[in-house]
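Everything below belongs to run-v3.csv, which stores CSV, C-alpha atoms.
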```csv
chain,number,residue,atom,x,y,z
P,1,MET,CA,216.3,66.8,37.2
P,2,GLN,CA,218.9,66.8,34.4
P,3,PRO,CA,222.6,67.4,35.2
P,4,GLN,CA,224.0,70.6,33.8
P,5,HIS,CA,227.4,71.7,32.9
P,6,HIS,CA,228.7,74.6,34.8
P,7,THR,CA,232.0,76.4,34.6
P,8,ILE,CA,233.0,77.4,38.1
P,9,PRO,CA,234.5,80.5,39.5
P,10,PHE,CA,237.8,80.3,41.2
P,11,PRO,CA,238.4,78.9,43.7
P,12,SER,CA,236.8,75.4,43.8
P,13,PRO,CA,235.1,73.2,44.8
P,14,THR,CA,231.8,74.9,44.5
P,15,ARG,CA,228.5,73.4,45.5
P,16,TYR,CA,225.3,73.9,43.6
P,17,ASN,CA,221.6,73.4,44.6
P,18,SER,CA,222.6,72.8,48.2
P,19,ASN,CA,219.0,72.1,49.4
P,20,LYS,CA,218.0,69.6,46.7
P,21,ALA,CA,219.1,66.1,45.9
P,22,PRO,CA,220.8,65.2,43.7
P,23,THR,CA,223.4,67.8,44.3
P,24,TYR,CA,226.2,68.6,41.8
P,25,TYR,CA,229.7,69.5,42.6
P,26,LEU,CA,232.4,70.6,40.4
P,27,ILE,CA,236.0,70.0,41.4
P,28,PRO,CA,239.2,70.4,39.4
P,29,LEU,CA,240.0,67.7,37.0
P,30,ASN,CA,243.4,67.0,38.5
P,31,SER,CA,242.5,66.4,42.0
P,32,SER,CA,246.1,66.4,43.2
P,33,ALA,CA,246.4,70.0,42.2
P,34,SER,CA,244.7,72.2,44.8
P,35,THR,CA,244.7,75.3,42.6
P,36,PRO,CA,244.1,74.8,38.9
P,37,LYS,CA,246.6,76.7,36.7
P,38,SER,CA,244.4,77.8,33.9
P,39,THR,CA,240.8,78.4,33.0
P,40,ASP,CA,241.0,75.4,30.7
P,41,GLU,CA,241.2,73.2,33.7
P,42,PHE,CA,237.9,74.5,34.9
P,43,LYS,CA,236.2,73.6,31.6
P,44,ILE,CA,237.3,70.0,31.9
P,45,ALA,CA,236.2,69.7,35.5
P,46,ILE,CA,235.0,66.5,37.0
P,47,MET,CA,231.4,66.4,37.8
P,48,VAL,CA,230.3,64.8,41.1
P,49,LYS,CA,226.8,63.7,41.8
P,50,SER,CA,225.4,63.0,45.2
P,51,TYR,CA,222.4,61.7,47.0
P,52,THR,CA,221.4,62.0,50.6
P,53,LYS,CA,218.7,59.9,52.3
P,54,SER,CA,217.6,59.5,55.8
P,55,TYR,CA,215.9,56.6,57.5
P,56,ASP,CA,215.0,55.4,61.0
P,57,TYR,CA,215.5,51.8,62.1
P,58,SER,CA,213.1,50.9,64.9
P,59,TYR,CA,215.9,49.1,66.8
P,60,ALA,CA,218.2,50.2,69.5
P,61,PHE,CA,221.6,51.7,68.5
P,62,PRO,CA,223.7,48.7,69.8
P,63,THR,CA,221.5,46.3,67.9
P,64,VAL,CA,222.0,48.2,64.7
P,65,CYS,CA,225.7,48.4,65.3
P,66,LEU,CA,225.8,44.6,65.7
P,67,ALA,CA,223.7,44.1,62.6
P,68,TYR,CA,226.0,46.3,60.6
P,69,PHE,CA,228.8,43.8,61.0
P,70,LEU,CA,226.5,40.9,60.5
P,71,ARG,CA,224.6,42.2,57.4
P,72,TYR,CA,226.3,39.9,54.9
P,73,PRO,CA,225.1,37.5,53.8
P,74,ASN,CA,221.4,38.2,53.8
P,75,PRO,CA,218.7,37.3,51.3
P,76,TYR,CA,219.1,40.7,49.6
P,77,SER,CA,222.8,40.6,49.3
P,78,THR,CA,223.5,37.6,47.1
P,79,HIS,CA,225.9,39.7,45.1
P,80,VAL,CA,228.2,40.0,48.1
P,81,LEU,CA,230.5,36.9,47.9
P,82,SER,CA,232.8,37.5,50.8
P,83,SER,CA,233.6,39.9,53.7
P,84,ASP,CA,237.0,40.2,55.4
P,85,VAL,CA,238.3,42.3,58.2
P,86,ILE,CA,241.6,44.0,57.3
P,87,SER,CA,242.1,45.9,60.5
P,88,ARG,CA,240.4,46.5,63.7
P,89,THR,CA,241.5,48.9,66.5
P,90,ILE,CA,240.2,50.8,69.5
P,91,ASP,CA,241.3,54.3,69.6
P,92,GLU,CA,242.1,56.4,72.7
P,93,ALA,CA,238.5,57.6,72.9
P,94,GLY,CA,237.3,54.0,73.0
P,95,ARG,CA,236.0,54.0,69.5
P,96,LEU,CA,236.1,50.9,67.5
P,97,GLN,CA,237.6,51.4,64.1
P,98,THR,CA,237.2,48.6,61.5
P,99,THR,CA,238.3,48.2,57.9
P,100,ARG,CA,236.7,45.5,55.9
P,101,ILE,CA,236.9,44.4,52.3
P,102,HIS,CA,233.8,43.0,50.5
P,103,ARG,CA,234.0,41.0,47.2
P,104,LYS,CA,231.0,41.5,44.9
P,105,SER,CA,230.0,39.5,41.9
P,106,SER,CA,228.6,42.5,40.1
P,107,ARG,CA,230.7,44.9,38.2
P,108,LEU,CA,229.8,48.2,36.5
P,109,PRO,CA,226.2,48.5,35.4
P,110,SER,CA,225.8,47.0,31.9
P,111,ALA,CA,224.3,50.3,30.7
P,112,VAL,CA,227.5,52.0,31.7
P,113,LEU,CA,229.7,49.4,30.0
P,114,LYS,CA,227.8,50.0,26.8
P,115,LEU,CA,228.7,53.6,26.8
P,116,LEU,CA,232.4,52.9,27.0
P,117,PRO,CA,234.6,52.5,23.9
P,118,GLN,CA,236.3,49.1,23.7
P,119,SER,CA,239.7,50.7,23.9
P,120,VAL,CA,238.9,52.1,27.4
P,121,LEU,CA,237.0,49.0,28.5
P,122,GLY,CA,239.7,46.6,27.5
P,123,SER,CA,242.4,48.3,29.4
P,124,VAL,CA,240.3,48.6,32.6
P,125,SER,CA,238.3,45.5,32.8
P,126,GLY,CA,240.7,42.7,32.1
P,127,GLY,CA,237.7,40.4,31.8
P,128,LYS,CA,236.9,40.5,35.5
P,129,SER,CA,233.4,39.8,36.7
P,130,GLU,CA,233.8,40.8,40.3
P,131,SER,CA,234.8,43.9,42.2
P,132,TYR,CA,236.0,44.9,45.7
P,133,ILE,CA,234.5,47.3,48.1
P,134,LEU,CA,236.5,48.9,51.0
P,135,GLU,CA,234.4,49.7,54.0
P,136,THR,CA,235.6,51.7,57.0
P,137,SER,CA,233.6,52.2,60.1
P,138,THR,CA,233.9,53.9,63.5
P,139,VAL,CA,231.6,53.1,66.4
P,140,ASP,CA,231.4,55.3,69.4
P,141,VAL,CA,229.2,53.5,71.8
P,142,LYS,CA,229.4,56.1,74.5
P,143,GLU,CA,228.3,59.0,72.3
P,144,GLY,CA,225.9,56.8,70.4
P,145,TRP,CA,227.1,57.1,66.8
P,146,MET,CA,228.6,55.0,64.0
P,147,LYS,CA,230.1,56.5,60.9
P,148,THR,CA,230.8,54.3,57.9
P,149,GLU,CA,232.3,54.8,54.4
P,150,SER,CA,232.3,52.3,51.6
P,151,LYS,CA,234.0,52.8,48.2
P,152,ASN,CA,234.9,50.7,45.2
P,153,LEU,CA,238.5,49.6,44.9
P,154,ASP,CA,238.5,48.8,41.2
P,155,TRP,CA,236.9,50.5,38.3
P,156,THR,CA,237.9,53.8,39.9
P,157,GLY,CA,239.3,55.0,36.5
P,158,ILE,CA,235.7,55.0,35.3
P,159,LEU,CA,233.5,55.5,38.3
P,160,SER,CA,234.1,56.1,41.9
P,161,VAL,CA,231.1,55.5,44.2
P,162,ILE,CA,231.5,56.5,47.9
P,163,GLU,CA,228.8,55.8,50.3
P,164,LYS,CA,228.9,57.5,53.7
P,165,GLN,CA,226.5,56.6,56.5
P,166,GLU,CA,226.0,58.2,59.8
P,167,TYR,CA,224.0,56.2,62.4
P,168,THR,CA,222.8,58.0,65.5
P,169,ARG,CA,221.1,56.8,68.7
P,170,GLN,CA,217.8,58.5,68.9
P,171,VAL,CA,216.7,57.4,72.4
P,172,PRO,CA,219.1,56.7,75.2
P,173,ASN,CA,218.5,53.1,76.1
P,174,ARG,CA,219.0,51.3,79.4
P,175,GLU,CA,221.5,48.5,79.3
P,176,ALA,CA,218.9,45.9,80.3
P,177,ASP,CA,216.9,46.7,77.1
P,178,ILE,CA,219.9,46.5,74.9
P,179,PHE,CA,218.6,44.0,72.4
P,180,SER,CA,214.9,44.4,73.1
P,181,ALA,CA,212.6,45.5,70.4
P,182,THR,CA,211.3,48.6,72.1
P,183,ALA,CA,214.5,50.0,73.4
P,184,GLY,CA,215.0,52.7,70.9
P,185,THR,CA,215.3,54.1,67.4
P,186,THR,CA,218.4,54.5,65.3
P,187,GLY,CA,218.6,57.1,62.6
P,188,VAL,CA,220.8,56.7,59.6
P,189,LYS,CA,221.7,59.3,57.1
P,190,THR,CA,223.2,58.0,53.8
P,191,THR,CA,225.1,60.0,51.3
P,192,VAL,CA,226.3,58.5,48.1
P,193,LEU,CA,228.8,60.4,45.9
P,194,PHE,CA,229.4,59.5,42.3
P,195,ARG,CA,232.4,60.7,40.5
P,196,SER,CA,233.4,59.7,37.0
P,197,ARG,CA,237.1,60.1,36.2
P,198,LEU,CA,236.7,58.8,32.7
P,199,GLY,CA,237.6,62.2,31.3
P,200,ASP,CA,241.1,61.9,33.0
P,201,ARG,CA,241.7,58.6,31.3
P,202,LEU,CA,240.7,59.7,27.9
P,203,ARG,CA,242.7,62.9,28.1
P,204,ALA,CA,245.7,61.0,29.4
P,205,ARG,CA,245.4,58.6,26.4
P,206,ALA,CA,245.1,61.5,24.0
P,207,THR,CA,248.2,63.1,25.5
P,208,ARG,CA,250.2,59.9,25.2
P,209,LEU,CA,249.1,59.6,21.5
P,210,GLY,CA,250.3,63.1,20.9
P,211,GLU,CA,246.7,64.3,20.5
P,212,ALA,CA,246.6,66.7,23.3
P,213,ALA,CA,244.4,69.0,21.4
P,214,ALA,CA,241.9,66.3,20.5
P,215,VAL,CA,239.4,67.4,23.2
P,216,GLU,CA,239.0,70.8,21.6
P,217,VAL,CA,238.9,69.6,18.0
P,218,ASP,CA,235.5,68.3,16.8
P,219,GLU,CA,236.0,67.9,13.1
P,220,GLU,CA,238.3,64.9,12.9
P,221,PRO,CA,236.3,61.7,12.7
P,222,LYS,CA,239.1,59.7,14.4
P,223,ARG,CA,238.7,61.9,17.4
P,224,SER,CA,235.0,61.9,17.4
P,225,PHE,CA,234.6,59.9,20.6
P,226,LEU,CA,236.6,62.4,22.6
P,227,ALA,CA,234.8,65.2,21.0
P,228,SER,CA,231.4,63.8,21.6
P,229,TRP,CA,232.3,63.0,25.1
P,230,SER,CA,233.2,66.6,25.8
P,231,LYS,CA,230.0,67.7,24.1
P,232,SER,CA,227.3,65.4,25.3
P,233,GLY,CA,228.9,64.3,28.5
P,234,ILE,CA,229.2,60.5,28.6
P,235,GLN,CA,230.7,61.1,32.0
P,236,ARG,CA,227.4,62.6,33.2
P,237,SER,CA,225.5,59.7,31.7
P,238,ILE,CA,227.7,57.2,33.6
P,239,GLU,CA,227.0,59.0,36.8
P,240,ALA,CA,223.3,59.2,36.1
P,241,ILE,CA,223.0,55.5,35.3
P,242,ALA,CA,225.1,54.5,38.3
P,243,SER,CA,223.1,56.7,40.6
P,244,ARG,CA,219.8,55.3,39.4
P,245,LYS,CA,221.0,51.8,40.0
P,246,THR,CA,222.4,52.7,43.4
P,247,GLU,CA,219.1,54.3,44.5
P,248,ASN,CA,217.5,50.9,43.9
P,249,GLN,CA,220.3,49.1,45.7
P,250,MET,CA,220.0,51.4,48.7
P,251,GLY,CA,216.5,50.0,49.2
P,252,HIS,CA,217.9,46.5,49.1
P,253,ALA,CA,220.6,47.4,51.6
P,254,LYS,CA,217.9,48.7,54.0
P,255,GLU,CA,215.8,45.5,53.5
P,256,GLY,CA,218.9,43.4,54.2
P,257,MET,CA,219.6,45.2,57.4
P,258,ASN,CA,216.0,44.8,58.5
P,259,VAL,CA,216.2,41.0,57.9
P,260,VAL,CA,219.3,40.8,60.1
P,261,LEU,CA,217.7,43.1,62.7
P,262,GLU,CA,214.5,41.0,62.7
P,263,ARG,CA,216.6,37.8,63.3
P,264,LEU,CA,218.4,39.5,66.2
P,265,ARG,CA,215.1,40.5,67.7
P,266,HIS,CA,213.7,37.0,67.5
P,267,GLY,CA,216.6,34.8,68.4
P,268,GLY,CA,219.6,36.9,69.1
P,269,LEU,CA,223.0,36.2,67.7
P,270,VAL,CA,222.3,32.5,67.4
P,271,ALA,CA,219.4,33.2,65.0
P,272,VAL,CA,221.5,35.6,62.9
P,273,LEU,CA,224.3,33.1,62.5
P,274,ASP,CA,221.8,30.4,61.7
P,275,GLY,CA,220.2,32.6,59.1
P,276,MET,CA,223.6,33.6,57.7
P,277,ARG,CA,224.6,29.9,57.3
P,278,LYS,CA,221.3,29.3,55.4
P,279,ASP,CA,221.8,32.3,53.2
P,280,ARG,CA,225.4,31.3,52.5
P,281,GLU,CA,224.3,27.8,51.5
P,282,SER,CA,221.6,29.0,49.2
P,283,MET,CA,224.0,31.5,47.7
P,284,TYR,CA,226.6,28.8,47.2
P,285,ASN,CA,224.0,26.6,45.5
P,286,ALA,CA,222.8,29.4,43.3
P,287,THR,CA,226.3,30.5,42.2
P,288,GLU,CA,227.9,27.0,41.9
P,289,GLY,CA,228.9,26.7,38.4
P,290,ALA,CA,228.7,30.4,37.6
P,291,TYR,CA,231.9,31.0,39.7
P,292,LYS,CA,233.6,27.7,39.2
P,293,GLN,CA,237.3,28.2,39.1
F,9,MET,CA,229.3,33.9,59.2
F,10,SER,CA,230.3,35.5,56.0
F,11,ALA,CA,232.9,33.8,53.8
F,12,SER,CA,236.5,34.9,53.4
F,13,LEU,CA,237.6,35.9,49.9
F,14,ALA,CA,240.3,33.3,50.4
F,15,PRO,CA,238.6,29.9,51.1
F,16,GLU,CA,241.8,28.7,52.9
F,17,CYS,CA,241.2,31.4,55.5
F,18,ASN,CA,237.6,30.5,56.2
F,19,GLU,CA,238.4,28.5,59.3
F,20,VAL,CA,240.7,31.0,61.0
F,21,LYS,CA,238.2,33.8,60.0
F,22,GLU,CA,235.3,32.0,61.6
F,23,ARG,CA,237.3,31.5,64.8
F,24,TYR,CA,238.1,35.2,64.9
F,25,ASP,CA,234.6,36.3,64.0
F,26,SER,CA,233.0,34.2,66.7
F,27,CYS,CA,235.4,35.7,69.3
F,28,PHE,CA,234.8,39.2,68.1
F,29,LEU,CA,231.1,39.0,67.9
F,30,LYS,CA,230.9,37.6,71.4
F,31,TRP,CA,233.1,40.5,72.8
F,32,TYR,CA,231.4,43.1,70.6
F,33,SER,CA,227.8,42.2,71.7
F,34,ASP,CA,228.5,41.2,75.3
F,35,GLN,CA,231.1,43.7,76.2
F,36,TYR,CA,231.8,46.6,73.8
F,37,LEU,CA,228.2,47.5,72.8
F,38,ARG,CA,227.2,47.4,76.5
F,39,GLY,CA,229.9,49.9,77.3
F,40,LYS,CA,232.0,47.4,79.3
F,41,ALA,CA,234.9,47.2,76.8
F,42,THR,CA,238.4,47.0,78.0
F,43,THR,CA,240.7,45.5,75.4
F,44,ASP,CA,240.0,43.3,72.4
F,45,PRO,CA,240.5,39.8,73.7
F,46,CYS,CA,240.6,38.4,70.1
F,47,ALA,CA,243.9,39.9,69.1
F,48,ASP,CA,245.7,36.6,68.8
F,49,LEU,CA,243.0,35.1,66.7
F,50,PHE,CA,243.1,38.1,64.5
F,51,LYS,CA,246.8,37.7,64.0
F,52,ASP,CA,246.3,34.2,62.7
F,53,TYR,CA,243.5,35.3,60.4
F,54,LYS,CA,245.5,38.3,59.2
F,55,LYS,CA,248.5,36.2,58.5
F,56,CYS,CA,246.4,34.0,56.2
F,57,LEU,CA,244.6,36.9,54.6
F,58,THR,CA,247.7,39.0,53.8
F,59,GLY,CA,249.0,36.3,51.5
F,60,ALA,CA,245.7,36.0,49.8
F,61,LEU,CA,245.4,39.8,49.3
F,62,LYS,CA,248.9,39.8,47.7
F,63,GLU,CA,248.1,36.8,45.5
F,64,ARG,CA,245.0,38.6,44.1
F,65,GLY,CA,246.6,42.0,43.7
F,66,ILE,CA,244.3,43.5,46.3
F,67,ASP,CA,247.2,44.9,48.3
F,68,LYS,CA,248.0,47.2,45.4
F,69,MET,CA,244.4,48.3,45.1
F,70,LEU,CA,244.4,49.2,48.8
F,71,GLU,CA,247.6,51.1,48.3
F,72,GLU,CA,246.0,53.1,45.5
F,73,ALA,CA,242.9,53.8,47.6
F,74,ARG,CA,245.2,55.1,50.3
F,75,GLU,CA,246.9,57.4,47.8
F,76,ASP,CA,243.5,58.5,46.5
F,77,HIS,CA,242.5,59.3,50.0
F,78,LYS,CA,245.6,61.5,50.5
F,79,GLU,CA,244.8,63.3,47.2
F,80,SER,CA,241.2,64.2,48.2
F,81,ASP,CA,242.5,65.2,51.6
F,82,ALA,CA,244.7,67.7,49.8
F,83,VAL,CA,241.8,69.0,47.9
F,84,ASN,CA,239.5,69.3,50.9
F,85,MET,CA,242.1,70.7,53.1
F,86,ARG,CA,239.8,73.3,54.5
F,87,ARG,CA,237.2,70.7,55.4
F,88,LYS,CA,237.9,69.0,58.7
F,89,CYS,CA,237.7,65.2,58.2
F,90,LYS,CA,236.7,63.2,61.3
F,91,GLY,CA,237.0,59.8,59.8
F,92,VAL,CA,240.5,58.4,59.2
F,93,LEU,CA,241.2,55.4,57.1
F,94,TYR,CA,243.0,52.7,59.0
F,95,ILE,CA,244.6,50.0,57.0
F,96,SER,CA,247.3,47.8,58.5
F,97,SER,CA,249.4,45.9,56.1
```

Please lay out the structure from this file as structure tokens.
Amino acid sequence: MQPQHHTIPFPSPTRYNSNKAPTYYLIPLNSSASTPKSTDEFKIAIMVKSYTKSYDYSYAFPTVCLAYFLRYPNPYSTHVLSSDVISRTIDEAGRLQTTRIHRKSSRLPSAVLKLLPQSVLGSVSGGKSESYILETSTVDVKEGWMKTESKNLDWTGILSVIEKQEYTRQVPNREADIFSATAGTTGVKTTVLFRSRLGDRLRARATRLGEAAAVEVDEEPKRSFLASWSKSGIQRSIEAIASRKTENQMGHAKEGMNVVLERLRHGGLVAVLDGMRKDRESMYNATEGAYKQ
Amino acid sequence: MSASLAPECNEVKERYDSCFLKWYSDQYLRGKATTDPCADLFKDYKKCLTGALKERGIDKMLEEAREDHKESDAVNMRRKCKGVLYISS
């Protein structure tokens, strides 16, 4: 299904195609302004693309919750270089709140990079070859759910990807069966939102250069990039490329979790930590040289 | 165990992680949780990590993410948000 440009009626955001994935949202360009001032602001709205997928792990809820914090490194996550806990608290309801930061060796998909003009790229990238992901999670062991949210910390000027997951206990399990293979099933619903704010950046640049009208003017060759962007929607292309790549990576994330869950099933925490150490060693050997500082 | 983004923090991180995982799997996930017994180890780890985050400019990115979060909250005011972002710094 091809993304389409819509102009939206006041007020926003408005949701389209609510029963089908991907879903498109339109929200005002300037997200800090809750009510757009003119109809022009609707025309230059940000497009948001989203995916929703559901999956069942054939493991008990506590096992999945444990695996979640133990999922890096695994053989499918060689791009994740490090994971750190920034904060961890238990709230009044007994829920465990964790914020972690993951460092990834990958950056924007190269197909996305190719779409960007050097001027935009140069000011954003700074020659970096890694990026950071902020992950927040809440575990409610009594009610049997875990909610997580991961988003990129850099590159947000070009593309924001927010992944939300909701894990739910499917079968109440007895404490004795907590890490056994047959104790239950855990459902997970994953939603990924893509939002390209490239338009903001280009327009801000145009304004700074005294070319505020550039977006509307097609004729001038100097402004052709801005014009072609508004016409053909590079923004939409970025979201489309990124979402295709993410769909593929969502499969890897699931496989990675399954490896960790399998290790838990066979040898408990010791087996997981043992596996992690091996994965880390093989990662280090593979990347040695490539990340030499 | 996963590595820390700051190699100098790997040792304190591993000590904290081991403590947490034991408590998380033996106590918390079995519904027996009281308080987090690893708070002191977390303090040591956090102390090391805070410096590393500053050095790499990640503290600023986290600050921006927090601002961004506020912005989208303003936009989605009508939608009730259950998840709250906790970042201690």

task = Between P:Glu281, P:Glu92, P:Lys142, P:Ser105, single out the one closest to chain F, counting only C-alpha atoms.
result = P:Lys142

inquiry  = Distance cut-off 7 Å, counting only C-alpha atoms - which residues of chain P neighbour chain F? Return them as a ChimeraX atom specification.
reply    = /P:31-32,34,62,66,72-73,82-84,86-87,99,103,136,141-142,153,175,273,276-277

Filtering to C-alpha atoms, could you give me those residues as an mmCIF file, in the frame of the given file?
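Printed below is out_28.cif as written:
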```
data_model
loop_
_atom_site.group_PDB
_atom_site.id
_atom_site.type_symbol
_atom_site.label_atom_id
_atom_site.label_comp_id
_atom_site.auth_asym_id
_atom_site.auth_seq_id
_atom_site.Cartn_x
_atom_site.Cartn_y
_atom_site.Cartn_z
ATOM 1 C CA SER P 31 242.500 66.400 42.000
ATOM 2 C CA SER P 32 246.100 66.400 43.200
ATOM 3 C CA SER P 34 244.700 72.200 44.800
ATOM 4 C CA PRO P 62 223.700 48.700 69.800
ATOM 5 C CA LEU P 66 225.800 44.600 65.700
ATOM 6 C CA TYR P 72 226.300 39.900 54.900
ATOM 7 C CA PRO P 73 225.100 37.500 53.800
ATOM 8 C CA SER P 82 232.800 37.500 50.800
ATOM 9 C CA SER P 83 233.600 39.900 53.700
ATOM 10 C CA ASP P 84 237.000 40.200 55.400
ATOM 11 C CA ILE P 86 241.600 44.000 57.300
ATOM 12 C CA SER P 87 242.100 45.900 60.500
ATOM 13 C CA THR P 99 238.300 48.200 57.900
ATOM 14 C CA ARG P 103 234.000 41.000 47.200
ATOM 15 C CA THR P 136 235.600 51.700 57.000
ATOM 16 C CA VAL P 141 229.200 53.500 71.800
ATOM 17 C CA LYS P 142 229.400 56.100 74.500
ATOM 18 C CA LEU P 153 238.500 49.600 44.900
ATOM 19 C CA GLU P 175 221.500 48.500 79.300
ATOM 20 C CA LEU P 273 224.300 33.100 62.500
ATOM 21 C CA MET P 276 223.600 33.600 57.700
ATOM 22 C CA ARG P 277 224.600 29.900 57.300
#
```

task = Please measure the separation of CA of Lys164 (chain P) and CA of Val272 (chain P), giving the value in Å to one decimal.
result =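 Those two atoms sit 24.9 Å apart.
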
key: Computed interatomic separation between CA of Lys151 (chain P) and CA of Asn285 (chain P) (Å)   =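 CA of Lys151 (chain P) sits 28.2 Å away from CA of Asn285 (chain P).
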
query = If I put a ball of radius 9 Å at (235.6, 48.8, 48.4) in the file's coordinates, which residues poke into it when counting only C-alpha atoms, written as a list in words?
reply = Arg100, Ile101, His102, Arg103, Ser131, Tyr132, Ile133, Leu134, Glu135, Ser150, Lys151, Asn152, Leu153, Asp154 and Ile162 of chain P; Leu70 and Ala73 of chain F

request  = Report the distance between CA of Thr190 (chain P) and CA of Glu149 (chain P) in Å, rounded to one decimal place.
outcome  =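 For CA of Thr190 (chain P) relative to CA of Glu149 (chain P), the distance reads 9.7 Å.
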
query = Taking into account all atoms listed in the file, which residue in the set P:Lys104, P:Gln170, P:Thr186, P:Phe61 is nearest to Val139 (chain P)?
reply =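 Going through P:Lys104, P:Gln170, P:Thr186, P:Phe61 one by one, the smallest distance to Val139 (chain P) is for P:Phe61.
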
key: Exercise: Met250 (chain P) partners within 10 Å, all atoms listed in the file, chain neighbours under 4 positions left out, as a PyMOL selection string   = chain P and resi 53+163+190+192+245-246+254-256

task = May I have the residues within 6 Å of Tyr167 (chain P) as a ChimeraX atom specification, using only C-alpha atoms and disregarding those fewer than 2 positions away in the same chain?
result = /P:145-146,187-188
